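Remarks on the structure that follows.
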Amino acid sequence: MVIKVYIASSSGSVAVKKHQQAVVGFLEANRISFQEVDITMLEEKRLWMYQNIPKDKCPEKGNPLPPQIFNEDHYCGDYEDFFQSKEDNTVFAFLGLSSQPSVKDSES
């Protein structure tokens, strides 16, 4: 299973950039393997992302903004969903992962 984070490397929106950094930073810090998919570089990836986001998650006007998170082809959610799962301490379930990667814990 591969977590895919759809991002826009050339976004003019500061909020989008911060949201992308927050998701990617969290995944890196928690040693969760993932792949970044830059929708500004490949039209087919951008269209695939738009087509695979559930209709109830799409805005009334315009297109869904990155970051959008998938586990392989299964839609996990957007930044707001990710943030809520962090707050609820349910990120691994949100991502469709069975357990946290084994990391040696220095705290006892």
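Labels used: A, B, ... for chains in the order of the structure tokens, numbers from 1 for residues in each chain, and numbers from 1 for ligands as shown.
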Helix (DSSP H, G or I) per DSSP on the backbone: members of chain A, as a compact mmCIF listing (two decimals) with all heavy atoms, in the first residue's frame:
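Ended up saving to states-v9.txt:
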# COMPACT_ATOMS: atom_id res chain seq x y z
N VAL A 14 -0.70 30.66 -0.20
CA VAL A 14 0.10 30.40 1.00
C VAL A 14 -0.56 29.31 1.83
O VAL A 14 0.12 28.42 2.36
CB VAL A 14 0.30 31.69 1.83
CG1 VAL A 14 0.98 31.39 3.15
CG2 VAL A 14 1.10 32.70 1.03
N ALA A 15 -1.88 29.32 1.93
CA ALA A 15 -2.60 28.31 2.71
C ALA A 15 -2.37 26.91 2.14
O ALA A 15 -2.12 25.96 2.89
CB ALA A 15 -4.08 28.63 2.77
N VAL A 16 -2.46 26.77 0.83
CA VAL A 16 -2.24 25.47 0.20
C VAL A 16 -0.82 24.99 0.49
O VAL A 16 -0.60 23.83 0.85
CB VAL A 16 -2.50 25.52 -1.33
CG1 VAL A 16 -1.97 24.28 -2.03
CG2 VAL A 16 -3.99 25.68 -1.60
N LYS A 17 0.16 25.86 0.36
CA LYS A 17 1.56 25.49 0.63
C LYS A 17 1.73 25.04 2.07
O LYS A 17 2.39 24.03 2.34
CB LYS A 17 2.50 26.67 0.32
CG LYS A 17 2.65 26.94 -1.16
CD LYS A 17 3.58 28.12 -1.40
CE LYS A 17 3.67 28.42 -2.88
NZ LYS A 17 4.49 29.60 -3.15
N LYS A 18 1.14 25.78 3.01
CA LYS A 18 1.26 25.40 4.43
C LYS A 18 0.58 24.07 4.71
O LYS A 18 1.11 23.24 5.46
CB LYS A 18 0.66 26.49 5.32
CG LYS A 18 1.53 27.71 5.43
CD LYS A 18 0.95 28.72 6.39
CE LYS A 18 1.88 29.90 6.54
NZ LYS A 18 1.39 30.88 7.51
N HIS A 19 -0.57 23.85 4.11
CA HIS A 19 -1.28 22.59 4.31
C HIS A 19 -0.48 21.42 3.76
O HIS A 19 -0.38 20.36 4.39
CB HIS A 19 -2.67 22.64 3.66
CG HIS A 19 -3.61 23.58 4.35
ND1 HIS A 19 -4.82 23.93 3.81
CD2 HIS A 19 -3.52 24.23 5.53
CE1 HIS A 19 -5.44 24.76 4.63
NE2 HIS A 19 -4.66 24.96 5.68
N GLN A 20 0.10 21.60 2.57
CA GLN A 20 0.94 20.56 1.97
C GLN A 20 2.13 20.26 2.86
O GLN A 20 2.46 19.09 3.11
CB GLN A 20 1.42 20.99 0.58
CG GLN A 20 0.32 21.06 -0.44
CD GLN A 20 0.74 21.60 -1.79
OE1 GLN A 20 0.00 21.43 -2.74
NE2 GLN A 20 1.88 22.26 -1.92
N GLN A 21 2.79 21.31 3.36
CA GLN A 21 3.96 21.13 4.23
C GLN A 21 3.58 20.41 5.51
O GLN A 21 4.33 19.57 6.01
CB GLN A 21 4.60 22.48 4.54
CG GLN A 21 5.29 23.10 3.36
CD GLN A 21 5.74 24.53 3.63
OE1 GLN A 21 5.28 25.19 4.57
NE2 GLN A 21 6.63 25.03 2.80
N ALA A 22 2.41 20.72 6.05
CA ALA A 22 1.97 20.09 7.30
C ALA A 22 1.76 18.59 7.11
O ALA A 22 2.19 17.78 7.94
CB ALA A 22 0.68 20.75 7.81
N VAL A 23 1.12 18.21 6.01
CA VAL A 23 0.86 16.79 5.75
C VAL A 23 2.17 16.06 5.51
O VAL A 23 2.46 15.03 6.14
CB VAL A 23 -0.11 16.60 4.55
CG1 VAL A 23 -0.20 15.14 4.15
CG2 VAL A 23 -1.49 17.16 4.89
N VAL A 24 2.98 16.57 4.60
CA VAL A 24 4.25 15.93 4.25
C VAL A 24 5.17 15.87 5.46
O VAL A 24 5.78 14.82 5.74
CB VAL A 24 4.92 16.66 3.07
CG1 VAL A 24 6.36 16.21 2.88
CG2 VAL A 24 4.12 16.44 1.79
N GLY A 25 5.24 16.94 6.22
CA GLY A 25 6.09 16.97 7.42
C GLY A 25 5.67 15.94 8.45
O GLY A 25 6.51 15.26 9.05
N PHE A 26 4.37 15.79 8.66
CA PHE A 26 3.87 14.80 9.61
C PHE A 26 4.22 13.39 9.15
O PHE A 26 4.69 12.57 9.95
CB PHE A 26 2.36 14.93 9.79
CG PHE A 26 1.78 13.92 10.75
CD1 PHE A 26 1.71 14.22 12.10
CD2 PHE A 26 1.34 12.69 10.30
CE1 PHE A 26 1.20 13.28 13.00
CE2 PHE A 26 0.83 11.75 11.18
CZ PHE A 26 0.76 12.05 12.54
N LEU A 27 4.00 13.10 7.88
CA LEU A 27 4.30 11.77 7.36
C LEU A 27 5.79 11.46 7.49
O LEU A 27 6.17 10.35 7.91
CB LEU A 27 3.84 11.64 5.90
CG LEU A 27 2.33 11.75 5.67
CD1 LEU A 27 2.04 11.75 4.17
CD2 LEU A 27 1.57 10.66 6.38
N GLU A 28 6.64 12.43 7.15
CA GLU A 28 8.09 12.23 7.27
C GLU A 28 8.50 12.03 8.73
O GLU A 28 9.27 11.12 9.04
CB GLU A 28 8.84 13.41 6.67
CG GLU A 28 8.77 13.47 5.17
CD GLU A 28 9.40 14.72 4.56
OE1 GLU A 28 9.61 15.71 5.28
OE2 GLU A 28 9.65 14.70 3.35
N ALA A 29 7.98 12.87 9.63
CA ALA A 29 8.33 12.78 11.04
C ALA A 29 7.91 11.46 11.66
O ALA A 29 8.57 10.96 12.58
CB ALA A 29 7.69 13.94 11.81
N GLU A 43 -0.77 16.55 -16.27
CA GLU A 43 -2.20 16.77 -16.47
C GLU A 43 -3.01 15.52 -16.13
O GLU A 43 -4.05 15.60 -15.49
CB GLU A 43 -2.44 17.17 -17.93
CG GLU A 43 -3.89 17.33 -18.30
CD GLU A 43 -4.50 18.65 -17.87
OE1 GLU A 43 -3.77 19.53 -17.38
OE2 GLU A 43 -5.72 18.79 -18.00
N GLU A 44 -2.51 14.34 -16.53
CA GLU A 44 -3.27 13.11 -16.29
C GLU A 44 -3.42 12.83 -14.79
O GLU A 44 -4.45 12.33 -14.35
CB GLU A 44 -2.62 11.92 -17.00
CG GLU A 44 -1.32 11.49 -16.37
CD GLU A 44 -0.24 11.12 -17.38
OE1 GLU A 44 -0.22 11.69 -18.47
OE2 GLU A 44 0.58 10.27 -17.04
N LYS A 45 -2.41 13.17 -14.00
CA LYS A 45 -2.48 12.95 -12.54
C LYS A 45 -3.51 13.91 -11.92
O LYS A 45 -4.25 13.54 -11.02
CB LYS A 45 -1.12 13.14 -11.88
CG LYS A 45 -0.07 12.17 -12.35
CD LYS A 45 -0.38 10.77 -11.91
CE LYS A 45 0.75 9.83 -12.29
NZ LYS A 45 0.45 8.46 -11.98
N ARG A 46 -3.51 15.14 -12.40
CA ARG A 46 -4.47 16.13 -11.90
C ARG A 46 -5.90 15.69 -12.21
O ARG A 46 -6.77 15.70 -11.35
CB ARG A 46 -4.19 17.51 -12.50
CG ARG A 46 -5.09 18.60 -11.96
CD ARG A 46 -4.61 19.96 -12.41
NE ARG A 46 -4.50 20.08 -13.85
CZ ARG A 46 -5.50 20.41 -14.66
NH1 ARG A 46 -6.70 20.67 -14.17
NH2 ARG A 46 -5.32 20.51 -15.96
N LEU A 47 -6.13 15.27 -13.44
CA LEU A 47 -7.46 14.81 -13.82
C LEU A 47 -7.87 13.56 -13.04
O LEU A 47 -9.01 13.43 -12.61
CB LEU A 47 -7.52 14.55 -15.33
CG LEU A 47 -7.39 15.80 -16.21
CD1 LEU A 47 -7.31 15.41 -17.68
CD2 LEU A 47 -8.51 16.77 -15.95
N TRP A 48 -6.91 12.64 -12.84
CA TRP A 48 -7.21 11.43 -12.06
C TRP A 48 -7.63 11.81 -10.64
O TRP A 48 -8.61 11.29 -10.11
CB TRP A 48 -5.99 10.49 -12.02
CG TRP A 48 -6.31 9.20 -11.34
CD1 TRP A 48 -6.72 8.06 -11.94
CD2 TRP A 48 -6.27 8.93 -9.94
NE1 TRP A 48 -6.95 7.09 -10.98
CE2 TRP A 48 -6.68 7.61 -9.75
CE3 TRP A 48 -5.93 9.69 -8.82
CZ2 TRP A 48 -6.77 7.01 -8.49
CZ3 TRP A 48 -6.03 9.11 -7.56
CH2 TRP A 48 -6.44 7.78 -7.41
N MET A 49 -6.89 12.75 -10.05
CA MET A 49 -7.23 13.19 -8.69
C MET A 49 -8.64 13.75 -8.64
O MET A 49 -9.45 13.37 -7.80
CB MET A 49 -6.22 14.24 -8.20
CG MET A 49 -6.50 14.72 -6.78
SD MET A 49 -5.52 16.17 -6.30
CE MET A 49 -6.54 17.47 -6.98
N TYR A 50 -8.96 14.66 -9.57
CA TYR A 50 -10.30 15.26 -9.59
C TYR A 50 -11.39 14.21 -9.75
O TYR A 50 -12.43 14.28 -9.10
CB TYR A 50 -10.42 16.28 -10.74
CG TYR A 50 -9.61 17.53 -10.56
CD1 TYR A 50 -9.24 18.28 -11.67
CD2 TYR A 50 -9.21 18.00 -9.31
CE1 TYR A 50 -8.50 19.45 -11.53
CE2 TYR A 50 -8.46 19.15 -9.17
CZ TYR A 50 -8.10 19.87 -10.28
OH TYR A 50 -7.39 21.03 -10.15
N GLN A 51 -11.15 13.23 -10.60
CA GLN A 51 -12.17 12.21 -10.89
C GLN A 51 -12.35 11.22 -9.75
O GLN A 51 -13.38 10.55 -9.66
CB GLN A 51 -11.80 11.45 -12.17
CG GLN A 51 -11.89 12.31 -13.40
CD GLN A 51 -11.24 11.68 -14.62
OE1 GLN A 51 -10.60 10.64 -14.54
NE2 GLN A 51 -11.40 12.32 -15.77
N LYS A 55 -17.85 12.99 -4.82
CA LYS A 55 -18.60 14.21 -5.15
C LYS A 55 -18.94 15.04 -3.91
O LYS A 55 -18.93 16.26 -3.95
CB LYS A 55 -19.89 13.86 -5.90
CG LYS A 55 -19.65 13.19 -7.23
CD LYS A 55 -18.97 14.11 -8.21
CE LYS A 55 -18.74 13.42 -9.53
NZ LYS A 55 -17.47 13.73 -10.14
N ASP A 56 -19.22 14.37 -2.78
CA ASP A 56 -19.57 15.11 -1.57
C ASP A 56 -18.38 15.84 -0.95
O ASP A 56 -18.55 16.68 -0.07
CB ASP A 56 -20.23 14.19 -0.53
CG ASP A 56 -19.29 13.11 -0.03
OD1 ASP A 56 -18.49 12.59 -0.83
OD2 ASP A 56 -19.37 12.79 1.17
N LYS A 57 -17.15 15.56 -1.43
CA LYS A 57 -15.96 16.25 -0.94
C LYS A 57 -15.52 17.37 -1.87
O LYS A 57 -14.57 18.08 -1.58
CB LYS A 57 -14.81 15.25 -0.77
CG LYS A 57 -15.02 14.23 0.33
CD LYS A 57 -15.16 14.86 1.70
CE LYS A 57 -13.88 15.53 2.12
NZ LYS A 57 -14.00 16.21 3.42
N TYR A 79 -6.94 18.08 3.43
CA TYR A 79 -6.21 18.59 4.59
C TYR A 79 -7.09 18.65 5.83
O TYR A 79 -6.64 18.27 6.92
CB TYR A 79 -5.61 19.97 4.30
CG TYR A 79 -5.00 20.56 5.55
CD1 TYR A 79 -3.78 20.11 6.01
CD2 TYR A 79 -5.69 21.52 6.30
CE1 TYR A 79 -3.23 20.60 7.20
CE2 TYR A 79 -5.15 22.01 7.47
CZ TYR A 79 -3.93 21.55 7.91
OH TYR A 79 -3.40 22.03 9.08
N GLU A 80 -8.31 19.12 5.68
CA GLU A 80 -9.20 19.24 6.85
C GLU A 80 -9.45 17.88 7.49
O GLU A 80 -9.44 17.75 8.72
CB GLU A 80 -10.53 19.89 6.45
CG GLU A 80 -10.39 21.33 5.95
CD GLU A 80 -9.76 22.27 6.98
OE1 GLU A 80 -10.00 22.09 8.19
OE2 GLU A 80 -9.03 23.18 6.56
N ASP A 81 -9.66 16.85 6.66
CA ASP A 81 -9.86 15.49 7.18
C ASP A 81 -8.60 15.00 7.89
O ASP A 81 -8.66 14.38 8.95
CB ASP A 81 -10.21 14.53 6.05
CG ASP A 81 -11.51 14.89 5.34
OD1 ASP A 81 -12.44 15.40 6.00
OD2 ASP A 81 -11.58 14.67 4.12
N PHE A 82 -7.45 15.27 7.27
CA PHE A 82 -6.17 14.86 7.84
C PHE A 82 -5.96 15.55 9.20
O PHE A 82 -5.60 14.91 10.18
CB PHE A 82 -5.02 15.22 6.88
CG PHE A 82 -3.66 14.99 7.46
CD1 PHE A 82 -3.12 13.72 7.51
CD2 PHE A 82 -2.92 16.05 7.96
CE1 PHE A 82 -1.87 13.50 8.05
CE2 PHE A 82 -1.67 15.84 8.50
CZ PHE A 82 -1.13 14.56 8.54
N PHE A 83 -6.20 16.86 9.23
CA PHE A 83 -6.02 17.62 10.47
C PHE A 83 -6.92 17.07 11.58
O PHE A 83 -6.48 16.90 12.71
CB PHE A 83 -6.31 19.11 10.22
CG PHE A 83 -6.12 19.95 11.45
CD1 PHE A 83 -4.85 20.36 11.83
CD2 PHE A 83 -7.20 20.32 12.23
CE1 PHE A 83 -4.67 21.13 12.98
CE2 PHE A 83 -7.02 21.08 13.38
CZ PHE A 83 -5.76 21.49 13.75
N GLN A 84 -8.17 16.77 11.24
CA GLN A 84 -9.09 16.23 12.24
C GLN A 84 -8.61 14.87 12.74
O GLN A 84 -8.70 14.59 13.94
CB GLN A 84 -10.50 16.11 11.67
CG GLN A 84 -11.54 15.76 12.70
CD GLN A 84 -11.63 16.80 13.82
OE1 GLN A 84 -11.76 17.99 13.55
NE2 GLN A 84 -11.53 16.36 15.06
N SER A 85 -8.07 14.06 11.86
CA SER A 85 -7.57 12.75 12.29
C SER A 85 -6.35 12.91 13.20
O SER A 85 -6.16 12.12 14.13
CB SER A 85 -7.23 11.85 11.10
OG SER A 85 -6.06 12.26 10.44
N LYS A 86 -5.54 13.95 12.97
CA LYS A 86 -4.42 14.24 13.87
C LYS A 86 -4.94 14.63 15.24
O LYS A 86 -4.45 14.15 16.26
CB LYS A 86 -3.55 15.38 13.32
CG LYS A 86 -2.40 14.94 12.50
CD LYS A 86 -1.58 16.09 11.97
CE LYS A 86 -1.14 17.06 13.03
NZ LYS A 86 -0.33 18.16 12.52
N GLU A 87 -5.94 15.50 15.26
CA GLU A 87 -6.53 15.95 16.52
C GLU A 87 -7.13 14.78 17.30
O GLU A 87 -7.07 14.74 18.52
CB GLU A 87 -7.61 17.01 16.26
CG GLU A 87 -7.07 18.33 15.75
CD GLU A 87 -6.25 19.06 16.80
OE1 GLU A 87 -6.77 19.28 17.91
OE2 GLU A 87 -5.08 19.39 16.50
N VAL A 91 -4.73 9.06 12.83
CA VAL A 91 -4.12 9.23 11.51
C VAL A 91 -3.91 7.90 10.79
O VAL A 91 -4.17 7.80 9.60
CB VAL A 91 -2.79 10.02 11.60
CG1 VAL A 91 -2.08 10.04 10.25
CG2 VAL A 91 -3.04 11.43 12.07
N PHE A 92 -3.47 6.88 11.52
CA PHE A 92 -3.18 5.60 10.85
C PHE A 92 -4.46 4.97 10.30
O PHE A 92 -4.46 4.44 9.19
CB PHE A 92 -2.41 4.67 11.78
CG PHE A 92 -1.03 5.21 12.05
CD1 PHE A 92 -0.79 5.98 13.18
CD2 PHE A 92 0.00 5.00 11.17
CE1 PHE A 92 0.47 6.53 13.41
CE2 PHE A 92 1.26 5.54 11.38
CZ PHE A 92 1.50 6.31 12.51
N ALA A 93 -5.54 5.07 11.05
CA ALA A 93 -6.83 4.58 10.55
C ALA A 93 -7.29 5.43 9.36
O ALA A 93 -7.78 4.91 8.35
CB ALA A 93 -7.88 4.60 11.65
N PHE A 94 -7.12 6.75 9.46
CA PHE A 94 -7.48 7.66 8.37
C PHE A 94 -6.76 7.28 7.08
O PHE A 94 -7.34 7.30 6.00
CB PHE A 94 -7.13 9.10 8.79
CG PHE A 94 -7.13 10.09 7.66
CD1 PHE A 94 -8.32 10.57 7.13
CD2 PHE A 94 -5.94 10.56 7.13
CE1 PHE A 94 -8.32 11.50 6.09
CE2 PHE A 94 -5.93 11.48 6.09
CZ PHE A 94 -7.12 11.95 5.58
If you measure from CA of Pro67 in chain A to CA of Ser99 in chain A, what distance in Å do you get, rounded to one decimal? 22.8 Å
Could you please determine the separation between CA of Gln35 in chain A and CA of Glu60 in chain A in Å, to one decimal place? 28.4 Å
Considering only C-alpha atoms, return as a PDB file with N, CA and C atoms, in the first residue's frame whatever protein or nucleic-acid residues lie within 6 Å of range 1-11 of chain A, sequence-local ones (same chain, fewer than 5 positions apart) excluded.
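Generated output (out22.pdb):
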ATOM      1  N   PHE A  34       5.419   7.450   1.806  1.00  0.00           N
ATOM      2  CA  PHE A  34       4.431   8.078   0.939  1.00  0.00           C
ATOM      3  C   PHE A  34       5.088   8.541  -0.347  1.00  0.00           C
ATOM      4  N   GLN A  35       4.254   8.862  -1.299  1.00  0.00           N
ATOM      5  CA  GLN A  35       4.714   9.364  -2.594  1.00  0.00           C
ATOM      6  C   GLN A  35       4.013  10.688  -2.855  1.00  0.00           C
ATOM      7  N   GLU A  36       4.779  11.701  -3.214  1.00  0.00           N
ATOM      8  CA  GLU A  36       4.194  12.979  -3.617  1.00  0.00           C
ATOM      9  C   GLU A  36       3.857  12.902  -5.098  1.00  0.00           C
ATOM     10  N   VAL A  37       2.669  13.367  -5.442  1.00  0.00           N
ATOM     11  CA  VAL A  37       2.259  13.425  -6.845  1.00  0.00           C
ATOM     12  C   VAL A  37       1.963  14.890  -7.153  1.00  0.00           C
ATOM     13  N   ASP A  38       2.784  15.479  -8.000  1.00  0.00           N
ATOM     14  CA  ASP A  38       2.664  16.901  -8.314  1.00  0.00           C
ATOM     15  C   ASP A  38       1.671  17.095  -9.461  1.00  0.00           C
ATOM     16  N   ILE A  39       0.510  17.647  -9.140  1.00  0.00           N
ATOM     17  CA  ILE A  39      -0.533  17.808 -10.157  1.00  0.00           C
ATOM     18  C   ILE A  39      -0.261  18.968 -11.112  1.00  0.00           C
ATOM     19  N   THR A  40       0.740  19.795 -10.812  1.00  0.00           N
ATOM     20  CA  THR A  40       1.061  20.884 -11.735  1.00  0.00           C
ATOM     21  C   THR A  40       1.959  20.412 -12.868  1.00  0.00           C
ATOM     22  N   PRO A  66      -5.285  20.936  -3.446  1.00  0.00           N
ATOM     23  CA  PRO A  66      -4.348  20.060  -2.755  1.00  0.00           C
ATOM     24  C   PRO A  66      -4.073  20.611  -1.346  1.00  0.00           C
ATOM     25  N   PRO A  67      -3.595  19.796  -0.454  1.00  0.00           N
ATOM     26  CA  PRO A  67      -3.269  18.393  -0.654  1.00  0.00           C
ATOM     27  C   PRO A  67      -4.499  17.498  -0.570  1.00  0.00           C
ATOM     28  N   GLN A  68      -4.490  16.466  -1.380  1.00  0.00           N
ATOM     29  CA  GLN A  68      -5.500  15.404  -1.345  1.00  0.00           C
ATOM     30  C   GLN A  68      -4.740  14.112  -1.090  1.00  0.00           C
ATOM     31  N   ILE A  69      -5.283  13.273  -0.221  1.00  0.00           N
ATOM     32  CA  ILE A  69      -4.544  12.098   0.237  1.00  0.00           C
ATOM     33  C   ILE A  69      -5.280  10.824  -0.172  1.00  0.00           C
ATOM     34  N   PHE A  70      -4.515   9.894  -0.743  1.00  0.00           N
ATOM     35  CA  PHE A  70      -5.039   8.604  -1.177  1.00  0.00           C
ATOM     36  C   PHE A  70      -4.159   7.495  -0.609  1.00  0.00           C
ATOM     37  N   ASN A  71      -4.749   6.326  -0.403  1.00  0.00           N
ATOM     38  CA  ASN A  71      -3.998   5.107  -0.135  1.00  0.00           C
ATOM     39  C   ASN A  71      -4.200   4.261  -1.375  1.00  0.00           C
ATOM     40  N   GLU A  72      -3.156   4.186  -2.215  1.00  0.00           N
ATOM     41  CA  GLU A  72      -3.271   3.626  -3.556  1.00  0.00           C
ATOM     42  C   GLU A  72      -4.366   4.391  -4.293  1.00  0.00           C
TER      43      GLU A  72
END
Kindly give the distance, in Å, that separates CA of Asp78 in chain A and CA of Cys58 in chain A, rounded to a single decimal.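 It comes out at 10.1 Å.
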As number ranges by chain, which residues of range 19-100 of chain A does DSSP assign to strand (DSSP E or B)? A: 34-38, 68-71, 74-78
So which one's closest to Cys76 in chain A, A:Ser98, A:Asn63, A:Thr90, A:Ile53? Using only C-alpha atoms, please.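 Of A:Ser98, A:Asn63, A:Thr90, A:Ile53, the one nearest Cys76 in chain A, counting only C-alpha atoms, is A:Ile53.
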Closest of A:Leu95, A:Asp88, A:Pro59, A:Ile32 to Asp73 in chain A, counting only C-alpha atoms, is A:Leu95
